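Dumped target03.cif below, it's mmCIF, C-alpha atoms and all ligand atoms:
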data_protein
loop_
_atom_site.label_atom_id
_atom_site.label_comp_id
_atom_site.auth_asym_id
_atom_site.auth_seq_id
_atom_site.Cartn_x
_atom_site.Cartn_y
_atom_site.Cartn_z
CA MET A 536 0.00 0.00 0.00
CA PRO A 537 1.47 3.38 -0.96
CA GLY A 538 0.60 5.30 2.27
CA HIS A 539 2.05 4.91 5.76
CA LEU A 540 0.44 3.88 9.03
CA ILE A 541 2.17 5.18 12.17
CA THR A 542 0.81 3.75 15.40
CA PHE A 543 1.18 5.08 18.95
CA GLU A 544 1.24 2.48 21.69
CA GLY A 545 1.99 2.20 25.38
CA PRO A 546 0.57 2.08 28.88
CA GLU A 547 -1.91 4.68 30.17
CA GLY A 548 -0.89 8.31 30.42
CA GLY A 549 2.09 8.13 28.09
CA GLY A 550 0.83 11.08 26.07
CA LYS A 551 -0.21 9.14 22.96
CA SER A 552 -3.10 11.45 22.08
CA THR A 553 -1.01 14.58 22.69
CA GLN A 554 1.91 13.33 20.62
CA ALA A 555 -0.27 11.86 17.85
CA ARG A 556 -1.84 15.27 17.32
CA LEU A 557 1.54 17.04 17.26
CA LEU A 558 3.03 14.52 14.83
CA ALA A 559 0.03 14.80 12.49
CA ASP A 560 0.42 18.62 12.48
CA ALA A 561 4.12 18.31 11.65
CA LEU A 562 3.43 15.90 8.76
CA ARG A 563 0.65 18.12 7.40
CA ALA A 564 3.06 21.05 7.44
CA ARG A 565 5.09 19.05 4.89
CA GLY A 566 2.05 18.91 2.62
CA ILE A 567 1.22 15.26 3.38
CA GLU A 568 -2.42 14.12 3.60
CA VAL A 569 -2.72 12.85 7.18
CA LEU A 570 -5.64 11.16 8.86
CA THR A 571 -5.75 10.79 12.65
CA THR A 572 -7.91 8.29 14.42
CA ARG A 573 -8.03 6.01 17.46
CA GLU A 574 -8.83 2.55 18.73
CA PRO A 575 -11.22 1.41 19.88
CA GLY A 576 -13.34 3.70 17.73
CA GLY A 577 -12.72 5.71 14.58
CA THR A 578 -15.95 4.60 12.84
CA PRO A 579 -19.60 4.96 13.96
CA THR A 580 -19.68 1.25 14.85
CA GLY A 581 -16.27 1.45 16.51
CA GLU A 582 -17.35 4.38 18.68
CA ILE A 583 -20.38 2.40 19.91
CA ILE A 584 -18.06 -0.51 20.71
CA ARG A 585 -15.77 1.94 22.56
CA ASP A 586 -18.68 3.11 24.68
CA LEU A 587 -19.62 -0.48 25.44
CA LEU A 588 -16.04 -1.29 26.47
CA GLN A 589 -15.44 1.74 28.64
CA ASN A 590 -18.75 2.69 30.21
CA ASP A 591 -20.50 -0.44 31.46
CA LEU A 592 -23.40 0.20 29.04
CA SER A 593 -24.82 -3.30 29.30
CA HIS A 594 -24.75 -3.26 33.14
CA GLU A 595 -23.20 -6.70 32.95
CA PRO A 596 -19.52 -7.47 33.62
CA LEU A 597 -17.81 -8.05 30.25
CA CYS A 598 -16.02 -11.37 30.18
CA ASP A 599 -12.40 -11.19 29.05
CA ALA A 600 -13.02 -13.08 25.78
CA THR A 601 -15.86 -10.70 24.86
CA GLU A 602 -13.57 -7.76 25.59
CA ALA A 603 -10.84 -9.15 23.28
CA LEU A 604 -13.31 -9.80 20.46
CA LEU A 605 -14.88 -6.36 20.76
CA PHE A 606 -11.49 -4.66 20.37
CA CYS A 607 -10.90 -6.78 17.25
CA ALA A 608 -14.39 -6.05 15.90
CA SER A 609 -13.78 -2.31 16.19
CA ARG A 610 -10.41 -2.84 14.43
CA ALA A 611 -11.95 -4.80 11.54
CA GLN A 612 -14.43 -2.02 10.87
CA LEU A 613 -11.71 0.65 11.00
CA CYS A 614 -9.32 -1.28 8.74
CA ARG A 615 -11.88 -2.09 6.07
CA ASN A 616 -13.73 1.23 5.98
CA VAL A 617 -11.08 3.81 6.81
CA LEU A 618 -7.45 2.65 6.97
CA ALA A 619 -7.17 0.47 3.86
CA PRO A 620 -8.83 3.02 1.51
CA ALA A 621 -6.70 5.87 2.91
CA LEU A 622 -3.46 3.88 2.58
CA GLU A 623 -4.40 2.86 -0.97
CA ARG A 624 -4.70 6.50 -2.03
CA GLY A 625 -1.30 7.29 -0.46
CA ALA A 626 -2.44 9.05 2.73
CA TRP A 627 -0.58 8.77 6.01
CA ILE A 628 -2.43 7.67 9.13
CA VAL A 629 -1.51 8.49 12.70
CA LEU A 630 -3.33 6.00 14.88
CA ASP A 631 -3.75 6.10 18.67
CA ARG A 632 -3.46 2.36 19.58
CA PHE A 633 -3.68 -0.68 17.27
CA THR A 634 -2.93 -4.42 17.28
CA ASP A 635 -0.13 -4.23 19.86
CA SER A 636 -2.63 -2.95 22.44
CA THR A 637 -4.51 -6.25 22.12
CA LEU A 638 -1.29 -8.25 22.56
CA ALA A 639 -0.25 -6.13 25.56
CA TYR A 640 -3.59 -5.72 27.39
CA GLN A 641 -5.47 -8.91 26.51
CA GLY A 642 -2.33 -11.06 26.08
CA PHE A 643 0.28 -10.02 28.63
CA GLY A 644 -2.27 -8.27 30.87
CA ARG A 645 -5.31 -10.59 30.89
CA GLY A 646 -3.29 -13.72 30.10
CA PHE A 647 -4.78 -14.83 26.76
CA ASP A 648 -2.53 -16.81 24.43
CA VAL A 649 -0.57 -14.26 22.39
CA ALA A 650 -0.43 -16.48 19.27
CA THR A 651 -4.24 -16.74 19.25
CA LEU A 652 -4.53 -12.98 19.61
CA ARG A 653 -2.10 -12.49 16.71
CA SER A 654 -4.42 -14.63 14.54
CA LEU A 655 -7.43 -12.56 15.62
CA ASN A 656 -5.49 -9.39 14.83
CA ASP A 657 -4.61 -10.71 11.36
CA PHE A 658 -8.25 -11.61 10.74
CA ALA A 659 -9.29 -8.08 11.78
CA THR A 660 -6.63 -6.11 9.89
CA GLY A 661 -6.39 -7.94 6.56
CA PRO A 662 -3.34 -6.47 4.79
CA VAL A 663 -3.10 -3.29 6.92
CA ARG A 664 0.24 -3.12 8.79
CA PRO A 665 2.05 -0.28 10.58
CA SER A 666 5.18 1.16 8.95
CA LEU A 667 6.31 2.46 12.35
CA THR A 668 5.12 1.92 15.93
CA LEU A 669 6.08 4.52 18.54
CA LEU A 670 6.00 2.92 22.00
CA LEU A 671 5.61 5.70 24.59
CA ASP A 672 7.06 3.99 27.64
CA LEU A 673 6.94 5.23 31.22
CA PRO A 674 6.65 3.82 34.76
CA VAL A 675 3.16 2.49 35.46
CA GLU A 676 2.53 4.67 38.54
CA GLU A 677 3.45 7.82 36.63
CA GLY A 678 1.19 6.99 33.69
CA LEU A 679 -1.82 6.13 35.84
CA ALA A 680 -1.35 9.31 37.90
CA ARG A 681 -1.41 11.37 34.68
CA ALA A 682 -4.52 9.58 33.38
CA VAL A 683 -6.36 10.11 36.69
CA ALA A 684 -5.26 13.77 36.92
CA ARG A 685 -6.73 14.32 33.46
CA SER A 686 -10.12 12.65 33.92
CA GLY A 687 -10.52 12.73 37.73
CA LYS A 688 -11.22 8.98 37.88
CA LYS A 689 -10.06 5.57 36.65
CA ASP A 690 -12.02 3.92 33.83
CA ARG A 691 -12.87 0.19 33.75
CA ILE A 692 -9.47 -0.98 32.48
CA GLU A 693 -7.47 1.53 34.52
CA GLN A 694 -9.06 0.02 37.66
CA ALA A 695 -7.26 -3.31 37.04
CA PRO A 696 -4.63 -4.26 39.68
CA MET A 697 -1.11 -2.78 39.46
CA ASP A 698 0.23 -6.20 38.54
CA PHE A 699 -1.85 -6.15 35.36
CA HIS A 700 -0.41 -2.75 34.40
CA ARG A 701 3.17 -3.91 35.11
CA ARG A 702 2.71 -7.05 32.98
CA LEU A 703 1.40 -5.09 30.05
CA ARG A 704 4.24 -2.54 30.21
CA ASP A 705 6.79 -5.40 30.23
CA GLY A 706 4.83 -7.07 27.42
CA TYR A 707 5.06 -3.95 25.28
CA LEU A 708 8.83 -3.81 25.81
CA GLN A 709 9.09 -7.48 24.81
CA LEU A 710 7.10 -6.84 21.61
CA ALA A 711 9.46 -3.95 20.80
CA ARG A 712 12.51 -6.19 21.27
CA GLU A 713 10.96 -8.81 18.96
CA GLU A 714 10.39 -6.32 16.11
CA PRO A 715 13.13 -3.69 16.35
CA ASP A 716 12.64 -2.59 12.73
CA ARG A 717 9.03 -1.60 13.30
CA PHE A 718 9.15 -0.32 16.89
CA ALA A 719 10.84 2.74 18.34
CA VAL A 720 10.74 3.05 22.14
CA VAL A 721 10.40 6.62 23.41
CA ASP A 722 10.96 7.71 27.02
CA ALA A 723 7.55 9.26 27.74
CA SER A 724 8.40 10.32 31.29
CA LYS A 725 10.20 13.37 29.88
CA PRO A 726 8.43 16.73 29.38
CA VAL A 727 6.13 17.04 26.35
CA PRO A 728 8.55 19.10 24.17
CA ASP A 729 11.36 16.55 24.72
CA VAL A 730 9.10 13.65 23.74
CA THR A 731 7.91 15.58 20.67
CA ALA A 732 11.51 16.27 19.61
CA GLU A 733 12.49 12.61 19.99
CA ILE A 734 9.50 11.50 17.89
CA ARG A 735 10.36 14.07 15.21
CA ARG A 736 13.93 12.73 15.11
CA ILE A 737 12.73 9.12 14.72
CA VAL A 738 10.24 10.01 11.96
CA GLU A 739 12.79 12.13 10.09
CA THR A 740 15.32 9.30 10.15
CA ARG A 741 12.78 6.65 9.19
CA PHE A 742 10.96 8.42 6.35
CA PHE A 743 12.91 11.50 5.26
CA ASP A 744 16.55 10.36 5.32
CA GLY A 745 17.39 12.14 8.58
N1 LIG A 801 -7.30 -1.32 24.85
C1 LIG A 801 -7.18 -2.70 25.01
O1 LIG A 801 -7.24 -3.20 26.13
N2 LIG A 801 -7.01 -3.47 23.90
C2 LIG A 801 -6.98 -2.96 22.65
O2 LIG A 801 -6.83 -3.72 21.67
C3 LIG A 801 -7.10 -1.53 22.50
C4 LIG A 801 -7.26 -0.76 23.62
C5 LIG A 801 -7.06 -0.93 21.13
C6 LIG A 801 -8.41 2.83 25.52
O3 LIG A 801 -8.55 3.92 26.32
C7 LIG A 801 -8.31 1.65 26.48
O4 LIG A 801 -8.53 0.46 25.76
C8 LIG A 801 -6.91 1.56 27.04
C9 LIG A 801 -6.32 0.32 26.40
C10 LIG A 801 -7.50 -0.48 26.03
N3 LIG A 801 -6.91 1.29 28.41
N4 LIG A 801 -7.26 1.92 29.31
N5 LIG A 801 -7.61 2.37 30.29
P1 LIG A 801 -8.34 5.41 25.86
O5 LIG A 801 -8.15 5.49 24.39
O6 LIG A 801 -9.42 6.23 26.48
O7 LIG A 801 -7.12 5.78 26.71
P2 LIG A 801 -5.63 5.51 26.50
O8 LIG A 801 -5.28 5.10 25.14
O9 LIG A 801 -5.20 4.63 27.59
O10 LIG A 801 -5.14 7.00 26.65
P3 LIG A 801 -4.48 7.59 27.95
O11 LIG A 801 -3.35 6.70 28.36
O12 LIG A 801 -5.48 7.92 28.98
O13 LIG A 801 -3.84 8.85 27.49
P4 LIG A 801 -2.68 9.09 26.42
O14 LIG A 801 -3.34 9.23 25.08
O15 LIG A 801 -1.53 8.18 26.48
O16 LIG A 801 -2.16 10.44 26.92
P5 LIG A 801 -2.74 11.95 26.74
O17 LIG A 801 -4.24 11.92 26.72
O18 LIG A 801 -2.05 12.60 25.65
O19 LIG A 801 -2.21 12.51 28.11
C11 LIG A 801 -2.73 12.11 29.36
C12 LIG A 801 -2.49 13.24 30.37
O20 LIG A 801 -1.08 13.37 30.61
C13 LIG A 801 -2.96 14.61 29.89
O21 LIG A 801 -3.43 15.34 30.98
C14 LIG A 801 -1.70 15.23 29.30
O22 LIG A 801 -1.72 16.63 29.35
C15 LIG A 801 -0.63 14.66 30.23
N6 LIG A 801 0.67 14.47 29.56
C16 LIG A 801 0.89 13.99 28.31
N7 LIG A 801 2.21 13.95 28.05
C17 LIG A 801 2.83 14.38 29.17
C18 LIG A 801 4.21 14.55 29.54
N8 LIG A 801 5.20 14.24 28.68
N9 LIG A 801 4.49 15.00 30.77
C19 LIG A 801 3.50 15.30 31.65
N10 LIG A 801 2.17 15.18 31.37
C20 LIG A 801 1.86 14.73 30.14
#
Structure re-expressed in structure tokens:
Amino acid sequence: MPGHLITFEGPEGGGKSTQARLLADALRARGIEVLTTREPGGTPTGEIIRDLLQNDLSHEPLCDATEALLFCASRAQLCRNVLAPALERGAWIVLDRFTDSTLAYQGFGRGFDVATLRSLNDFATGPVRPSLTLLLDLPVEEGLARAVARSGKKDRIEQAPMDFHRRLRDGYLQLAREEPDRFAVVDASKPVPDVTAEIRRIVETRFFDG
């Protein structure tokens, strides 16, 4: 596909949304067509699934398998209806969370078999693959404190035990070690301008010959 998909990943509070917006602005300033979106969500169906996942809409505890499948269902809709057509016409996409979130949260966090989740991801994405994944890494306590300071409360997933959050952070770092060509790990505990500058440097080197 002629376009590029850049994904932002990492534990809570790493600044993915902040940095995704800043990166998209910088790419647009170069005259590139850039689309920004997020998971779960990014389509009308995906946003309903997001609401279901985050806000206890059904008043029934979601079982872990349902949760995993709902993330993948939102992804399938986004890939087919938004990402694949945009990449085909040569657009760039800056995406706040993608397949690695399922491996980290549902795999390393909830304990589902990572190979099974990879198959589900492949089924959901079809041929859509990231060109670059920026892993915004920071200590779990720091990230959760930022997320709570922003919204004043913890959402359903943020309420999971600290152990869960530690496993998923370690899981992300393992995924990055397994695919060093796709991943770049960014120290997200630094101030916003420093993180932005590091991301700019990585993107310049990767796509614009430094
Ligand atoms: N999930 C999953 O389990 N499986 C999946 O397959 C997928 C997702 C796709 C989505 O929630 C949830 O779904 C998420 C994973 C799970 N788990 N939870 N909970 P979301 O999209 O609502 O939230 P999020 O992706 O976790 O976003 P976030 O962590 O809350 O925020 P962020 O995008 O990383 O950061 P931010 O909004 O840019 O910044 C957060 C706050 O920190 C804000 O007040 C900023 O001003 C501040 N901030 C940002 N950067 C800095 C720096 N550098 N220093 C100081 N303060 C900063």
key: Interatomic distance, atom CA of A:Asp729 to atom CA of A:Gln694 (Å, one decimal)   = 29.3 Å
A:Asn656 surroundings by all atoms listed in the file, 12 Å radius, close-in-sequence under 5 positions cut, as a list in words = Ala603, Leu604, Leu605, Phe606, Cys607, Ala608, Ser609, Arg610, Ala611, Cys614, Phe633, Thr634, Asp635, Ser636, Thr637, Leu638, Gln641, Gly642, Val649, Ala650, Thr651, Gly661, Pro662, Val663 and Arg664 of chain A
key: Å distance separating atom CA of A:Gly646 from atom CA of A:Leu597, one decimal place   =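 Computing it gives 15.6 Å between the two atoms.
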message = Here's a test: counting only C-alpha atoms, identify every protein, DNA and RNA residue with an atom at most 9 Å from (-8.4, 7.7, 11.6) in the file's coordinate frame, and state them as a list in words.
response = Val569, Leu570, Thr571, Thr572, Arg573, Glu574, Gly576, Gly577, Thr578, Leu613, Val617, Leu618, Ile628, Val629, Leu630 and Asp631 of chain A
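Distances here use all atoms listed in the file; by that measure, the residue among A:Gly581, A:Gly550, A:Gly545, A:Pro620 closest to A:Thr668 is A:Gly545.
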ask   = What does the distance from atom O1 of ligand LIG 801 (chain A) to atom CA of A:Leu622 come to in Å, to one decimal?
value =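 Separation between atom O1 of ligand LIG 801 (chain A) and atom CA of A:Leu622: 24.9 Å.
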key: Nearest to ligand LIG 801 (chain A) by atom-to-atom distance, counting all atoms listed in the file, from A:Gly687, A:Pro537, A:Pro715, A:Gly566   =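 Closest candidate: A:Gly687.
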query = Of the candidates A:Gln554, A:Thr660, A:Thr542, A:Ser686, which one gets nearest to A:Val730 if we count only C-alpha atoms?
reply =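 Going through A:Gln554, A:Thr660, A:Thr542, A:Ser686 one by one, the smallest distance to A:Val730 is for A:Gln554.
The protein and nucleic acid residues lying at most 10 Å from stretch 561-564 of chain A are Ala555, Arg556, Leu557, Leu558, Ile567, Glu568, Val569, Leu570, Trp627, Val629, Arg735 and Val738 of chain A, with all atoms listed in the file considered and sequence neighbours fewer than 3 positions away removed.
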Filtering to C-alpha atoms, could you give me those residues as a PDB file, keeping the file's coordinate frame?
ATOM      1  CA  ALA A 555      -0.270  11.860  17.850  1.00  0.00           C
ATOM      2  CA  ARG A 556      -1.840  15.270  17.320  1.00  0.00           C
ATOM      3  CA  LEU A 557       1.540  17.040  17.260  1.00  0.00           C
ATOM      4  CA  LEU A 558       3.030  14.520  14.830  1.00  0.00           C
ATOM      5  CA  ILE A 567       1.220  15.260   3.380  1.00  0.00           C
ATOM      6  CA  GLU A 568      -2.420  14.120   3.600  1.00  0.00           C
ATOM      7  CA  VAL A 569      -2.720  12.850   7.180  1.00  0.00           C
ATOM      8  CA  LEU A 570      -5.640  11.160   8.860  1.00  0.00           C
ATOM      9  CA  TRP A 627      -0.580   8.770   6.010  1.00  0.00           C
ATOM     10  CA  VAL A 629      -1.510   8.490  12.700  1.00  0.00           C
ATOM     11  CA  ARG A 735      10.360  14.070  15.210  1.00  0.00           C
ATOM     12  CA  VAL A 738      10.240  10.010  11.960  1.00  0.00           C
TER      13      VAL A 738
END
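In terms of minimum interatomic distance to ligand LIG 801 (chain A), A:Phe543 ranks closest within A:Phe658, A:Phe543, A:Tyr707, A:Phe743, counting all atoms listed in the file.
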message = Please determine, counting all atoms listed in the file, which residue among A:Leu671, A:Asp690, A:Glu595, A:Glu623 has the shortest atom-to-atom distance to A:Thr731.
response = A:Leu671
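In terms of minimum interatomic distance to ligand LIG 801 (chain A), A:Arg632 ranks closest within A:Arg712, A:Arg632, A:Arg717, A:His539, counting all atoms listed in the file.
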